[in-house]
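Notes follow once the structure below has been shown.
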Amino acid sequence: VQLQASGGGLVQPGKSLKLSCAASGSIFNIKTLGWYRQAPGKQRELVASIARSSGFTNHADAVKGRFTISRDNAQNTLYLQMNSLKPEDTAVYFCWARSSYRNDYWGQGTQVTVSS
């Protein structure tokens, strides 16, 4: 499974940004998709996840009500809509996928910087 993230950039506080992650390869084995982020000097943390089949989602408390994860199975694409961005959302965002065999796959990361 290959994951290609895009959509990061520099944005002002309070603005929005949408990340995309295109998946290719053995997609049929994927059970869960998600977004992690890692800020400088901090551990990587799970931002949101979504079940590929049911669409059931989970969002970290820090982003609930502001971020929304979604997927388009027909396009094999994962999204993260980020609204009301804060400076503390600044991080490298990674898309992630887990197979039914519990193998983890990672995208290359995309930088999101929230600053005025």
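Identifiers in this document derive from the order of the structure tokens: chains are assigned A, B, ..., residues are numbered from 1 separately in each chain, and ligands are numbered from 1 in order of occurrence.
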Excluding Ala5 of chain A and any residue of its chain fewer than 6 positions from it, enumerate the residues within 12 Å of it, using only C-alpha atoms, and give them as a VMD selection string. chain A and resid 18 to 24 34 to 36 77 to 80 92 to 96 106 to 112
Looking only at helix (DSSP H, G or I) from DSSP on the backbone, list the matching residues of segment 2-116 of chain A as a list of chain:residue names.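 So, restricting segment 2-116 of chain A to helix (DSSP H, G or I), we get A:Ile27, A:Phe28, A:Asn29, A:Pro87, A:Glu88, A:Asp89.
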So which residues touch Ser115 of chain A within 10 Å, counting only C-alpha atoms, skipping near sequence neighbours fewer than 4 positions away, as a PyMOL selection string? chain A and resi 10-14+85-90
Can I get the selected residues back with N, CA and C atoms, as a PDB file, in the first residue's frame?
ATOM      1  N   LEU A  10       0.877  27.006   4.544  1.00  0.00           N
ATOM      2  CA  LEU A  10       0.870  28.064   5.560  1.00  0.00           C
ATOM      3  C   LEU A  10      -0.499  28.730   5.553  1.00  0.00           C
ATOM      4  N   VAL A  11      -1.107  28.829   6.726  1.00  0.00           N
ATOM      5  CA  VAL A  11      -2.443  29.409   6.818  1.00  0.00           C
ATOM      6  C   VAL A  11      -2.540  30.240   8.090  1.00  0.00           C
ATOM      7  N   GLN A  12      -3.368  31.270   8.055  1.00  0.00           N
ATOM      8  CA  GLN A  12      -3.549  32.126   9.224  1.00  0.00           C
ATOM      9  C   GLN A  12      -4.463  31.467  10.251  1.00  0.00           C
ATOM     10  N   PRO A  13      -4.311  31.807  11.510  1.00  0.00           N
ATOM     11  CA  PRO A  13      -5.225  31.278  12.537  1.00  0.00           C
ATOM     12  C   PRO A  13      -6.674  31.587  12.191  1.00  0.00           C
ATOM     13  N   GLY A  14      -7.525  30.597  12.435  1.00  0.00           N
ATOM     14  CA  GLY A  14      -8.943  30.754  12.150  1.00  0.00           C
ATOM     15  C   GLY A  14      -9.346  30.326  10.752  1.00  0.00           C
ATOM     16  N   LEU A  85      -8.364  26.746  12.384  1.00  0.00           N
ATOM     17  CA  LEU A  85      -7.011  26.306  12.714  1.00  0.00           C
ATOM     18  C   LEU A  85      -6.374  27.207  13.756  1.00  0.00           C
ATOM     19  N   LYS A  86      -5.577  26.584  14.612  1.00  0.00           N
ATOM     20  CA  LYS A  86      -4.870  27.282  15.687  1.00  0.00           C
ATOM     21  C   LYS A  86      -3.360  27.092  15.512  1.00  0.00           C
ATOM     22  N   PRO A  87      -2.578  27.981  16.068  1.00  0.00           N
ATOM     23  CA  PRO A  87      -1.118  27.806  15.973  1.00  0.00           C
ATOM     24  C   PRO A  87      -0.653  26.455  16.505  1.00  0.00           C
ATOM     25  N   GLU A  88      -1.353  25.937  17.503  1.00  0.00           N
ATOM     26  CA  GLU A  88      -0.943  24.642  18.070  1.00  0.00           C
ATOM     27  C   GLU A  88      -1.258  23.469  17.155  1.00  0.00           C
ATOM     28  N   ASP A  89      -1.938  23.719  16.058  1.00  0.00           N
ATOM     29  CA  ASP A  89      -2.157  22.678  15.053  1.00  0.00           C
ATOM     30  C   ASP A  89      -0.967  22.536  14.115  1.00  0.00           C
ATOM     31  N   THR A  90      -0.002  23.428  14.238  1.00  0.00           N
ATOM     32  CA  THR A  90       1.191  23.362  13.400  1.00  0.00           C
ATOM     33  C   THR A  90       1.939  22.056  13.636  1.00  0.00           C
TER      34      THR A  90
END
Considering only C-alpha atoms, state which residue in the set A:Ala48, A:Pro40, A:Gly65, A:Ser6 is at the smallest distance from Ala97 of chain A.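 Using only C-alpha atoms, the shortest distance to Ala97 of chain A belongs to A:Ala48.
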As JSON, numbers by chain, list the residues of segment 44-109 of chain A assigned to strand (DSSP E) by DSSP on the backbone atoms of this structure. {"A": [45, 46, 47, 48, 49, 50, 51, 57, 58, 59, 67, 68, 69, 70, 71, 72, 77, 78, 79, 80, 81, 82, 91, 92, 93, 94, 95, 96, 97, 98, 99, 104, 105, 106]}
When you count only C-alpha atoms, which of these residues is closest to Leu17 of chain A: A:Thr68, A:Gln4, A:Asn73, A:Arg98?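 Of A:Thr68, A:Gln4, A:Asn73, A:Arg98, the one nearest Leu17 of chain A, counting only C-alpha atoms, is A:Thr68.
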